[in-house]
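my_file.cif follows; it contains mmCIF, C-alpha atoms and all ligand atoms.
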```cif
data_coords
loop_
_atom_site.label_atom_id
_atom_site.label_comp_id
_atom_site.auth_asym_id
_atom_site.auth_seq_id
_atom_site.Cartn_x
_atom_site.Cartn_y
_atom_site.Cartn_z
CA MET A 1 -195.75 7.62 78.56
CA LYS A 2 -194.26 5.96 81.59
CA ARG A 3 -192.69 2.53 81.81
CA ARG A 4 -195.12 -0.09 83.05
CA LEU A 5 -194.77 -3.25 85.04
CA ALA A 6 -195.93 -5.32 82.07
CA SER A 7 -192.88 -4.12 80.11
CA LEU A 8 -190.67 -6.08 82.51
CA ASP A 9 -192.21 -9.37 81.41
CA GLY A 10 -189.58 -11.66 80.00
CA GLN A 11 -186.78 -9.98 81.98
CA PRO A 12 -184.92 -11.97 84.64
CA LEU A 13 -187.12 -11.04 87.60
CA GLU A 14 -186.74 -14.24 89.56
CA GLY A 15 -185.36 -13.62 93.05
CA GLN A 16 -185.38 -9.84 92.58
CA ARG A 17 -186.72 -7.77 95.44
CA ALA A 18 -189.55 -5.54 94.23
CA PHE A 19 -190.06 -2.48 96.43
CA VAL A 20 -193.72 -1.71 95.82
CA ARG A 21 -195.42 1.50 96.97
CA VAL A 22 -199.08 0.59 97.45
CA ASP A 23 -202.03 2.49 98.84
CA PHE A 24 -203.05 0.69 102.02
CA ASN A 25 -204.49 3.86 103.53
CA VAL A 26 -207.48 1.82 104.71
CA PRO A 27 -210.16 2.64 107.28
CA LEU A 28 -209.65 0.94 110.64
CA GLN A 29 -212.26 0.15 113.26
CA ASP A 30 -211.29 -1.34 116.63
CA GLY A 31 -207.92 -2.37 115.23
CA ARG A 32 -209.40 -4.13 112.20
CA VAL A 33 -209.56 -3.14 108.55
CA SER A 34 -213.21 -2.18 107.96
CA ASP A 35 -212.96 -1.85 104.15
CA THR A 36 -210.48 -3.94 102.16
CA THR A 37 -211.11 -2.28 98.76
CA ARG A 38 -207.64 -0.71 98.57
CA ILE A 39 -205.88 -3.92 99.59
CA ASP A 40 -207.87 -5.90 97.02
CA ALA A 41 -206.96 -3.32 94.37
CA ALA A 42 -203.23 -3.90 94.95
CA LEU A 43 -203.44 -7.70 94.66
CA PRO A 44 -203.02 -7.98 90.86
CA THR A 45 -199.62 -6.24 91.01
CA VAL A 46 -198.53 -8.29 94.04
CA GLN A 47 -199.59 -11.54 92.37
CA TRP A 48 -197.98 -10.57 89.06
CA LEU A 49 -194.65 -10.15 90.86
CA ARG A 50 -195.04 -13.32 92.93
CA GLU A 51 -195.84 -15.39 89.86
CA ARG A 52 -192.56 -14.25 88.34
CA GLY A 53 -190.58 -15.27 91.41
CA CYS A 54 -190.03 -11.81 92.83
CA ARG A 55 -189.71 -11.15 96.53
CA VAL A 56 -192.25 -8.45 97.27
CA ILE A 57 -191.71 -5.64 99.78
CA LEU A 58 -194.81 -3.47 100.25
CA ALA A 59 -194.76 0.09 101.58
CA SER A 60 -197.67 2.42 102.30
CA HIS A 61 -198.77 5.29 104.46
CA LEU A 62 -201.85 5.15 106.69
CA GLY A 63 -203.55 8.27 108.01
CA ARG A 64 -201.64 11.25 109.32
CA PRO A 65 -199.34 10.12 112.15
CA LYS A 66 -197.26 13.31 111.82
CA GLY A 67 -193.82 11.75 111.49
CA ARG A 68 -193.79 9.56 114.58
CA PRO A 69 -194.87 6.01 115.41
CA SER A 70 -198.34 5.63 116.84
CA HIS A 71 -200.31 2.49 117.57
CA GLU A 72 -203.42 4.06 116.07
CA PHE A 73 -201.87 4.31 112.60
CA SER A 74 -199.98 1.01 112.49
CA LEU A 75 -200.25 -1.02 109.28
CA ARG A 76 -200.13 -4.25 111.29
CA PRO A 77 -203.91 -4.86 110.94
CA VAL A 78 -203.35 -5.15 107.18
CA VAL A 79 -201.19 -8.28 107.64
CA PRO A 80 -204.02 -10.79 108.34
CA VAL A 81 -206.10 -9.32 105.51
CA LEU A 82 -203.21 -9.68 103.07
CA GLU A 83 -202.39 -13.16 104.32
CA SER A 84 -205.89 -14.44 103.73
CA ALA A 85 -206.12 -12.73 100.33
CA LEU A 86 -202.78 -14.19 99.19
CA GLY A 87 -203.08 -17.50 101.01
CA ALA A 88 -199.49 -17.00 102.15
CA PRO A 89 -197.71 -15.58 105.19
CA VAL A 90 -196.73 -11.90 105.18
CA MET A 91 -193.69 -10.72 107.14
CA PHE A 92 -194.13 -7.44 108.99
CA ILE A 93 -191.13 -5.11 109.08
CA GLU A 94 -191.48 -2.78 112.02
CA ASP A 95 -188.40 -0.62 111.44
CA PRO A 96 -187.53 -0.28 107.75
CA LEU A 97 -184.43 1.76 108.68
CA SER A 98 -182.79 -1.10 110.58
CA ASP A 99 -180.20 -3.57 109.31
CA ALA A 100 -182.59 -6.29 110.39
CA ALA A 101 -185.06 -5.00 107.79
CA VAL A 102 -182.50 -5.43 105.02
CA ARG A 103 -181.75 -8.95 106.25
CA ILE A 104 -185.44 -9.88 106.29
CA THR A 105 -185.91 -8.74 102.68
CA LYS A 106 -182.85 -10.74 101.60
CA ARG A 107 -184.02 -13.85 103.40
CA LEU A 108 -187.45 -13.82 101.80
CA LYS A 109 -187.97 -16.72 99.45
CA ARG A 110 -189.17 -16.30 95.89
CA GLY A 111 -192.79 -15.19 95.87
CA GLU A 112 -192.77 -14.23 99.54
CA VAL A 113 -194.18 -10.95 100.74
CA ALA A 114 -193.21 -8.44 103.44
CA LEU A 115 -195.05 -5.32 104.56
CA LEU A 116 -193.31 -2.27 106.00
CA GLU A 117 -194.72 -0.29 108.90
CA ASN A 118 -196.38 3.05 108.01
CA THR A 119 -194.00 5.17 105.91
CA ARG A 120 -195.31 8.31 107.64
CA PHE A 121 -193.92 7.17 111.00
CA HIS A 122 -190.73 8.80 109.67
CA PRO A 123 -190.59 12.60 109.44
CA GLY A 124 -188.52 12.23 106.26
CA GLU A 125 -191.40 10.67 104.33
CA GLU A 126 -193.35 13.86 103.76
CA THR A 127 -190.24 16.04 103.42
CA ASN A 128 -188.93 13.60 100.79
CA ASP A 129 -185.72 13.17 102.77
CA ARG A 130 -182.85 11.69 100.82
CA ALA A 131 -181.61 9.51 103.70
CA LEU A 132 -185.04 7.93 104.15
CA ALA A 133 -185.34 7.29 100.40
CA GLU A 134 -181.92 5.62 100.56
CA ALA A 135 -183.07 3.44 103.47
CA PHE A 136 -186.11 2.37 101.43
CA ALA A 137 -183.85 1.71 98.43
CA ARG A 138 -181.79 -0.77 100.46
CA LEU A 139 -184.92 -2.90 100.81
CA GLY A 140 -185.44 -3.50 97.10
CA ASP A 141 -183.72 -4.14 93.77
CA PHE A 142 -186.27 -2.32 91.63
CA TYR A 143 -189.27 -0.05 92.21
CA VAL A 144 -192.96 -0.34 91.42
CA ASN A 145 -195.41 2.45 92.20
CA ASP A 146 -199.00 1.26 92.43
CA ALA A 147 -200.19 4.00 94.79
CA PHE A 148 -201.96 6.32 92.39
CA GLY A 149 -203.79 8.08 95.23
CA SER A 150 -200.44 9.26 96.65
CA ALA A 151 -198.72 10.08 93.36
CA HIS A 152 -199.52 13.79 93.61
CA ARG A 153 -197.24 14.01 96.64
CA ALA A 154 -193.45 14.09 96.36
CA HIS A 155 -192.65 11.88 99.33
CA ALA A 156 -189.66 9.63 100.02
CA SER A 157 -191.60 6.43 99.22
CA THR A 158 -193.40 7.86 96.17
CA GLU A 159 -190.76 10.08 94.57
CA GLY A 160 -187.36 9.98 96.25
CA VAL A 161 -186.91 6.22 96.10
CA ALA A 162 -188.01 6.12 92.45
CA HIS A 163 -184.77 7.91 91.53
CA LEU A 164 -182.66 5.41 93.44
CA LEU A 165 -184.10 2.05 92.40
CA LYS A 166 -184.13 1.15 88.73
CA PRO A 167 -186.09 0.20 86.85
CA ALA A 168 -188.87 2.29 88.37
CA VAL A 169 -192.20 1.38 86.81
CA ALA A 170 -195.95 1.94 87.15
CA GLY A 171 -197.82 -0.99 88.71
CA LEU A 172 -200.92 -2.45 87.10
CA LEU A 173 -203.34 -0.21 89.01
CA MET A 174 -201.29 2.92 88.39
CA ALA A 175 -200.95 2.06 84.70
CA ARG A 176 -204.71 1.75 84.38
CA GLU A 177 -205.28 5.11 86.08
CA LEU A 178 -202.79 6.78 83.75
CA GLU A 179 -204.30 5.08 80.71
CA PHE A 180 -207.71 6.57 81.45
CA LEU A 181 -207.07 9.84 83.26
CA HIS A 182 -204.05 10.89 81.23
CA ASP A 183 -203.73 9.08 77.92
CA ALA A 184 -207.46 8.88 77.09
CA LEU A 185 -207.93 12.57 77.87
CA GLU A 186 -204.93 13.63 75.82
CA ARG A 187 -206.80 12.77 72.64
CA PRO A 188 -210.43 12.25 73.72
CA ALA A 189 -212.83 10.82 71.16
CA PRO A 190 -215.47 13.52 70.46
CA PRO A 191 -217.99 14.48 71.57
CA PHE A 192 -216.23 14.90 74.90
CA VAL A 193 -218.53 15.80 77.80
CA ALA A 194 -217.45 16.53 81.38
CA VAL A 195 -219.93 16.37 84.25
CA LEU A 196 -218.90 18.32 87.33
CA GLY A 197 -220.65 18.66 90.66
CA GLY A 198 -220.07 18.44 94.36
CA ALA A 199 -220.09 20.93 97.14
CA LYS A 200 -217.43 23.39 96.12
CA ILE A 201 -216.41 25.13 92.97
CA SER A 202 -213.14 26.25 94.59
CA GLY A 203 -211.40 22.88 94.32
CA LYS A 204 -212.51 22.41 90.74
CA ILE A 205 -211.83 25.78 89.08
CA ASP A 206 -208.56 24.53 87.61
CA VAL A 207 -210.31 21.42 86.29
CA ILE A 208 -212.85 23.60 84.50
CA GLU A 209 -210.06 25.81 83.11
CA THR A 210 -208.10 22.81 81.83
CA LEU A 211 -211.07 20.96 80.40
CA LEU A 212 -212.73 23.95 78.71
CA PRO A 213 -210.55 23.99 75.58
CA LYS A 214 -210.81 20.18 75.22
CA VAL A 215 -214.49 19.50 75.82
CA ASP A 216 -217.66 20.00 73.83
CA ALA A 217 -219.62 20.65 77.02
CA ILE A 218 -219.25 20.83 80.79
CA LEU A 219 -222.47 19.91 82.59
CA ILE A 220 -222.55 21.50 86.01
CA GLY A 221 -224.61 20.31 88.97
CA GLY A 222 -224.24 20.13 92.74
CA ALA A 223 -223.86 23.16 94.96
CA MET A 224 -221.29 24.33 92.42
CA ALA A 225 -224.15 25.27 90.12
CA CYS A 226 -225.46 27.70 92.76
CA THR A 227 -222.27 29.74 92.68
CA PHE A 228 -222.78 30.03 88.91
CA PHE A 229 -226.43 31.00 89.47
CA ALA A 230 -225.27 33.76 91.81
CA ALA A 231 -222.84 34.89 89.09
CA MET A 232 -225.78 35.06 86.68
CA GLY A 233 -227.59 37.33 89.13
CA LEU A 234 -230.17 34.70 90.12
CA GLY A 235 -231.51 34.31 93.65
CA VAL A 236 -230.12 31.21 95.38
CA GLY A 237 -232.04 31.30 98.67
CA LYS A 238 -230.32 29.33 101.42
CA SER A 239 -228.23 27.27 98.98
CA LEU A 240 -224.58 26.54 99.56
CA VAL A 241 -222.62 29.13 97.57
CA GLU A 242 -219.05 30.36 97.71
CA PRO A 243 -219.43 34.15 97.69
CA ASP A 244 -215.71 34.67 97.10
CA ARG A 245 -215.88 32.60 93.90
CA VAL A 246 -218.79 34.38 92.26
CA ASP A 247 -216.55 36.71 90.23
CA MET A 248 -214.51 33.76 89.05
CA ALA A 249 -217.67 31.91 88.05
CA ARG A 250 -218.85 34.97 86.10
CA ASP A 251 -215.51 35.14 84.30
CA LEU A 252 -215.71 31.42 83.42
CA LEU A 253 -219.24 31.85 82.07
CA GLY A 254 -217.99 34.70 79.90
CA ARG A 255 -215.11 32.67 78.49
CA GLY A 256 -217.01 29.38 78.33
CA GLU A 257 -218.13 29.81 74.67
CA GLY A 258 -221.47 28.36 75.66
CA LYS A 259 -219.81 25.13 76.75
CA LEU A 260 -220.81 25.54 80.40
CA CYS A 261 -224.26 24.00 80.83
CA LEU A 262 -226.19 24.73 83.99
CA PRO A 263 -229.42 23.00 84.99
CA ASP A 264 -232.57 24.86 83.86
CA ARG A 265 -234.49 23.49 86.80
CA VAL A 266 -233.45 22.43 90.29
CA THR A 267 -234.90 20.51 93.22
CA VAL A 268 -235.33 22.73 96.28
CA ALA A 269 -236.48 22.11 99.84
CA ASP A 270 -236.94 24.08 103.02
CA ARG A 271 -234.57 21.75 104.83
CA LEU A 272 -232.36 18.77 104.15
CA ALA A 273 -234.67 15.88 105.00
CA ALA A 274 -236.65 13.27 103.11
CA ASP A 275 -239.91 14.63 104.52
CA ALA A 276 -239.12 18.28 103.73
CA ARG A 277 -241.29 20.42 101.42
CA ILE A 278 -239.68 19.47 98.10
CA ALA A 279 -240.30 21.15 94.75
CA SER A 280 -238.86 21.33 91.26
CA VAL A 281 -238.43 24.98 90.28
CA SER A 282 -236.97 26.99 87.44
CA ARG A 283 -233.49 28.29 88.24
CA ASP A 284 -234.80 31.85 88.16
CA GLY A 285 -237.51 30.99 90.68
CA ILE A 286 -235.50 29.86 93.72
CA ALA A 287 -237.29 31.32 96.77
CA ALA A 288 -235.42 32.97 99.63
CA ASP A 289 -236.40 30.37 102.23
CA VAL A 290 -235.28 27.22 100.36
CA ALA A 291 -232.03 25.66 99.26
CA VAL A 292 -231.05 23.75 96.12
CA TYR A 293 -230.29 20.13 97.00
CA ASP A 294 -230.33 18.48 93.56
CA ILE A 295 -230.79 19.10 89.87
CA ALA A 296 -234.44 18.62 88.86
CA PRO A 297 -235.56 15.50 86.94
CA GLU A 298 -236.02 17.55 83.72
CA ALA A 299 -232.47 18.90 84.01
CA ALA A 300 -231.13 15.41 84.73
CA GLU A 301 -232.85 14.20 81.56
CA ALA A 302 -231.22 16.96 79.53
CA PHE A 303 -227.81 16.12 81.01
CA VAL A 304 -228.30 12.42 80.32
CA ARG A 305 -229.13 13.17 76.66
CA ARG A 306 -225.75 14.92 76.31
CA ILE A 307 -223.96 12.12 78.18
CA VAL A 308 -225.47 9.32 76.13
CA ALA A 309 -224.53 11.07 72.86
CA ALA A 310 -220.89 11.48 73.96
CA LYS A 311 -217.93 9.29 73.06
CA THR A 312 -215.83 10.37 76.05
CA VAL A 313 -217.30 11.27 79.45
CA VAL A 314 -215.56 12.38 82.62
CA TRP A 315 -217.62 12.68 85.79
CA ASN A 316 -216.47 14.27 89.02
CA GLY A 317 -218.80 15.31 91.81
CA PRO A 318 -222.42 14.37 92.60
CA MET A 319 -225.33 16.41 91.24
CA GLY A 320 -226.92 16.85 94.66
CA VAL A 321 -226.82 15.83 98.30
CA PHE A 322 -226.97 12.19 97.26
CA GLU A 323 -226.43 11.01 100.85
CA THR A 324 -229.99 12.12 101.65
CA PRO A 325 -232.63 10.58 99.35
CA PRO A 326 -234.62 11.76 97.44
CA PHE A 327 -231.85 14.28 96.66
CA ASP A 328 -229.86 11.43 95.11
CA ALA A 329 -232.13 11.31 92.03
CA GLY A 330 -230.03 13.59 89.80
CA THR A 331 -226.82 11.80 90.73
CA ILE A 332 -228.34 8.36 90.06
CA ALA A 333 -229.68 9.58 86.71
CA VAL A 334 -226.19 10.76 85.72
CA ALA A 335 -224.68 7.45 86.89
CA ARG A 336 -227.18 5.57 84.71
CA GLY A 337 -226.40 7.93 81.83
CA LEU A 338 -222.72 7.01 82.07
CA ALA A 339 -223.62 3.31 82.08
CA SER A 340 -225.71 3.78 78.90
CA ALA A 341 -222.93 5.75 77.23
CA THR A 342 -220.47 2.97 78.10
CA ALA A 343 -222.81 0.36 76.63
CA ARG A 344 -222.84 2.41 73.41
CA GLY A 345 -219.07 2.32 73.20
CA ALA A 346 -218.07 5.53 74.97
CA THR A 347 -215.07 5.79 77.27
CA THR A 348 -216.45 6.80 80.66
CA ILE A 349 -214.31 7.85 83.59
CA VAL A 350 -215.42 8.57 87.14
CA GLY A 351 -213.18 10.45 89.58
CA GLY A 352 -213.87 11.57 93.15
CA GLY A 353 -214.64 9.55 96.25
CA ASP A 354 -218.25 10.69 96.58
CA SER A 355 -219.04 10.15 92.90
CA ALA A 356 -217.54 6.66 93.10
CA ALA A 357 -219.60 5.97 96.23
CA ALA A 358 -222.78 7.12 94.47
CA LEU A 359 -221.95 4.92 91.48
CA ALA A 360 -221.39 1.95 93.78
CA ALA A 361 -224.65 2.63 95.64
CA ALA A 362 -226.44 2.54 92.29
CA GLY A 363 -224.73 -0.80 91.54
CA LEU A 364 -223.12 0.62 88.40
CA THR A 365 -219.41 0.48 89.22
CA ASP A 366 -218.78 -2.28 86.68
CA ARG A 367 -220.71 -0.49 83.96
CA VAL A 368 -218.33 2.41 83.38
CA SER A 369 -214.90 2.21 81.75
CA HIS A 370 -212.93 3.34 84.76
CA VAL A 371 -213.47 4.44 88.34
CA SER A 372 -210.45 6.25 89.68
CA THR A 373 -209.15 5.34 93.13
CA GLY A 374 -207.35 8.63 93.67
CA GLY A 375 -209.34 11.69 94.73
CA GLY A 376 -206.72 14.43 94.83
CA ALA A 377 -204.45 12.71 92.34
CA SER A 378 -207.19 12.26 89.74
CA LEU A 379 -208.24 15.91 90.10
CA GLU A 380 -204.64 17.02 89.58
CA LEU A 381 -204.35 14.87 86.44
CA LEU A 382 -207.59 16.40 85.16
CA GLU A 383 -206.03 19.79 85.86
CA GLY A 384 -203.24 18.78 83.51
CA LYS A 385 -200.67 18.72 86.30
CA VAL A 386 -197.67 16.43 86.39
CA LEU A 387 -197.78 14.11 89.41
CA PRO A 388 -194.34 13.87 91.06
CA GLY A 389 -194.76 10.17 91.83
CA VAL A 390 -195.45 9.55 88.15
CA ALA A 391 -192.81 11.91 86.79
CA ALA A 392 -190.10 10.09 88.79
CA LEU A 393 -190.85 6.77 87.05
CA ASP A 394 -188.84 5.65 84.00
CA ASP A 395 -190.03 6.83 80.61
CA ALA A 396 -191.36 4.09 78.36
P1 LIG B 1 -216.25 13.96 94.91
O1 LIG B 1 -215.82 13.30 96.20
O2 LIG B 1 -216.96 13.01 93.99
O3 LIG B 1 -215.12 14.69 94.25
P2 LIG B 1 -217.11 16.34 96.23
O4 LIG B 1 -216.38 15.91 97.46
O5 LIG B 1 -216.58 17.48 95.46
O6 LIG B 1 -217.32 15.09 95.27
O7 LIG B 1 -218.60 16.72 96.63
C1 LIG B 1 -219.45 15.82 97.25
C2 LIG B 1 -220.36 16.50 98.23
O8 LIG B 1 -221.10 17.54 97.62
C3 LIG B 1 -221.39 15.54 98.78
O9 LIG B 1 -221.18 15.38 100.17
C4 LIG B 1 -222.71 16.20 98.49
O10 LIG B 1 -223.66 16.10 99.55
C5 LIG B 1 -222.32 17.64 98.28
N1 LIG B 1 -223.31 18.38 97.49
C6 LIG B 1 -223.70 18.14 96.22
N2 LIG B 1 -224.68 18.96 95.85
C7 LIG B 1 -224.94 19.77 96.92
C8 LIG B 1 -225.85 20.83 97.17
N3 LIG B 1 -226.69 21.24 96.22
N4 LIG B 1 -225.81 21.40 98.39
C9 LIG B 1 -224.96 21.00 99.33
N5 LIG B 1 -224.07 20.00 99.16
C10 LIG B 1 -224.06 19.39 97.95
MG MG B 2 -215.46 14.16 98.20
#
```
Could you show the structure in this file as structure tokens?
Ligand code: ADP
Ligand code: MG
Amino acid sequence: MKRRLASLDGQPLEGQRAFVRVDFNVPLQDGRVSDTTRIDAALPTVQWLRERGCRVILASHLGRPKGRPSHEFSLRPVVPVLESALGAPVMFIEDPLSDAAVRITKRLKRGEVALLENTRFHPGEETNDRALAEAFARLGDFYVNDAFGSAHRAHASTEGVAHLLKPAVAGLLMARELEFLHDALERPAPPFVAVLGGAKISGKIDVIETLLPKVDAILIGGAMACTFFAAMGLGVGKSLVEPDRVDMARDLLGRGEGKLCLPDRVTVADRLAADARIASVSRDGIAADVAVYDIAPEAAEAFVRRIVAAKTVVWNGPMGVFETPPFDAGTIAVARGLASATARGATTIVGGGDSAAALAAAGLTDRVSHVSTGGGASLELLEGKVLPGVAALDDA
């Protein structure tokens, strides 16, 4: 258990400078923020600190500027978005290494907010350089990490500075991620069902390995299922498979104690288009000239039965090429299954950018217990790994 922001309540925070690592890695279009989701997600922590009289210094990376300043990756476009969300001015600190930066943070009034330029404009960010972490530490009196999506990286603003500024605590967003992806999965209420899909098995082998001993079942869809079909000796036609993972899939099936559930039937088509020749076929009847693009409705029904009966559900990866209807049917069915399970009292957790997008498209985001904001970070937590940005925080 890591120390959380809420644990600082009642402490003398007034006038303290909170150095807050946030995730403002937002999409930009023509110099404007085209999706403010990540900024909105950080607001509760920012407001919590402002309400307690803290001076708030925000730091984030944006894109991959490769250790040098570049106009393209400037965080400046975030300033107007933050200002209108907070209804207050936001100071922009161009060079966090300068003495001027320290002065600006010290001149902020209680409740005022400053935003640092992209942390990755400095080569020391990604190498977790001590001198850069020290420069960041001069800009705050204590540390809050609310950037869950960057916590799997040991960078100067996520890890290094956490050792230098104390207390170092998890922000509200980070705390919620840890509560669901770590704490809830440490002792999951049974039955515990995982639903895995997506394009590739390769990125999710370790997740399967880690979950296997904990779960009652792993339901497998997406192109991932095809690699398992190949391992079972079934024909997969033109489906997306990872030939170099077939042996691994066979090994997992052998050790899976019957917990690995593959769809009995799949939706195939001759090409990826809404007007293609589409059919539902048995998994041992996949013709050579078609590809699997979704789990079949019957298989989705069987998966949903398992999901609805579960008390803990983790979902990562769509069941099909959900971007191209009608191959979104299996994914939508699973999303609805999670919503039903939630309504029956289950803890339901969704990780993965594409799964979250599918859930949002189905209008069900608010009907699951938790949607993780961190792709790589949530996968690593599911793999049972320790995230460096979390490990560096104070223990509760
Ligand atoms: P997430 O972002 O939720 O972790 P992934 O990135 O692992 O999910 O996988 C999502 C991608 O998998 C989607 O772009 C989807 O089109 C693709 N996909 C799912 N099923 C298939 C399939 N049968 N064939 C090809 N691609 C698939
Ligand atoms: Mg993805």
Go through A:Ala42, A:Ala276, A:Leu49, A:Ala147 and flag the residue nearest Gly375 (chain A), using all atoms listed in the file for the distances.
-> A:Ala147
Counting only C-alpha atoms and all ligand atoms, name the residues that have an atom within 8 Å of an atom of ligand LIG 1 (chain B); the answer should be given as number ranges by chain.
-> A: 197-200, 203-204, 221-226, 239-240, 291-295, 316-324, 351-357, 375
Using C-alpha atoms, can you write the selected residues to a file as a compact mmCIF listing (two decimals), keeping the file's coordinate frame?
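For reference, again-v4.txt as written:
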```
# COMPACT_ATOMS: atom_id res chain seq x y z
CA GLY A 197 -220.65 18.66 90.66
CA GLY A 198 -220.07 18.44 94.36
CA ALA A 199 -220.09 20.93 97.14
CA LYS A 200 -217.43 23.39 96.12
CA GLY A 203 -211.40 22.88 94.32
CA LYS A 204 -212.51 22.41 90.74
CA GLY A 221 -224.61 20.31 88.97
CA GLY A 222 -224.24 20.13 92.74
CA ALA A 223 -223.86 23.16 94.96
CA MET A 224 -221.29 24.33 92.42
CA ALA A 225 -224.15 25.27 90.12
CA CYS A 226 -225.46 27.70 92.76
CA SER A 239 -228.23 27.27 98.98
CA LEU A 240 -224.58 26.54 99.56
CA ALA A 291 -232.03 25.66 99.26
CA VAL A 292 -231.05 23.75 96.12
CA TYR A 293 -230.29 20.13 97.00
CA ASP A 294 -230.33 18.48 93.56
CA ILE A 295 -230.79 19.10 89.87
CA ASN A 316 -216.47 14.27 89.02
CA GLY A 317 -218.80 15.31 91.81
CA PRO A 318 -222.42 14.37 92.60
CA MET A 319 -225.33 16.41 91.24
CA GLY A 320 -226.92 16.85 94.66
CA VAL A 321 -226.82 15.83 98.30
CA PHE A 322 -226.97 12.19 97.26
CA GLU A 323 -226.43 11.01 100.85
CA THR A 324 -229.99 12.12 101.65
CA GLY A 351 -213.18 10.45 89.58
CA GLY A 352 -213.87 11.57 93.15
CA GLY A 353 -214.64 9.55 96.25
CA ASP A 354 -218.25 10.69 96.58
CA SER A 355 -219.04 10.15 92.90
CA ALA A 356 -217.54 6.66 93.10
CA ALA A 357 -219.60 5.97 96.23
CA GLY A 375 -209.34 11.69 94.73
```
Leu173 (chain A) environment, 9 Å, only C-alpha atoms, sequence neighbours closer than 4 positions dropped, as number ranges by chain | A: 41-42, 44-45, 145-148, 177-178
Test item: which residues lie within 12 Å of (-184.7, 2.0, 104.3) counting all atoms listed in the file, as a PyMOL selection string | chain A and resi 19+57+59+93-103+105+116-117+119+122+124-125+129-140+156-157+160-161+164-165
When you draw a straight line from CA of Ile201 (chain A) to CA of Arg245 (chain A), how long is it in Å?
-> 7.5 Å
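Across the model, the gap from CA of His182 (chain A) to CA of Val386 (chain A) is 9.9 Å.
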What's the 12 Å shell around Asp23 (chain A), counting only C-alpha atoms, without same-chain residues fewer than 3 positions away, as a PyMOL selection string?
-> chain A and resi 20+26-27+36-43+45+58-63+75+78+115+118-119+145-151+157-158+171+173-174+373-374
Please, could N, CA and C atoms be added to region 260-273 of chain A and the result written as a compact mmCIF listing (two decimals), in the frame of the given file?
```
# COMPACT_ATOMS: atom_id res chain seq x y z
N LEU A 260 -220.39 25.81 79.02
CA LEU A 260 -220.81 25.54 80.40
C LEU A 260 -222.32 25.42 80.45
N CYS A 261 -222.82 24.24 80.80
CA CYS A 261 -224.26 24.00 80.83
C CYS A 261 -224.74 23.87 82.26
N LEU A 262 -225.61 24.77 82.64
CA LEU A 262 -226.19 24.73 83.99
C LEU A 262 -227.60 24.19 83.93
N PRO A 263 -228.06 23.56 85.01
CA PRO A 263 -229.42 23.00 84.99
C PRO A 263 -230.47 24.12 84.87
N ASP A 264 -231.47 23.89 84.01
CA ASP A 264 -232.57 24.86 83.86
C ASP A 264 -233.46 24.85 85.09
N ARG A 265 -233.61 23.66 85.64
CA ARG A 265 -234.49 23.49 86.80
C ARG A 265 -233.74 22.75 87.91
N VAL A 266 -234.11 23.05 89.14
CA VAL A 266 -233.45 22.43 90.29
C VAL A 266 -234.48 21.94 91.31
N THR A 267 -234.05 21.00 92.14
CA THR A 267 -234.90 20.51 93.22
C THR A 267 -234.55 21.28 94.49
N VAL A 268 -235.56 21.94 95.06
CA VAL A 268 -235.33 22.73 96.28
C VAL A 268 -236.15 22.17 97.43
N ALA A 269 -235.73 22.51 98.65
CA ALA A 269 -236.48 22.11 99.84
C ALA A 269 -236.21 23.12 100.94
N ASP A 270 -237.11 23.14 101.92
CA ASP A 270 -236.94 24.08 103.02
C ASP A 270 -235.89 23.59 104.01
N ARG A 271 -235.64 22.28 104.00
CA ARG A 271 -234.57 21.75 104.83
C ARG A 271 -234.11 20.42 104.24
N LEU A 272 -232.96 19.97 104.72
CA LEU A 272 -232.36 18.77 104.15
C LEU A 272 -232.90 17.53 104.86
N ALA A 273 -234.07 17.07 104.41
CA ALA A 273 -234.67 15.88 105.00
C ALA A 273 -235.63 15.28 103.98
```
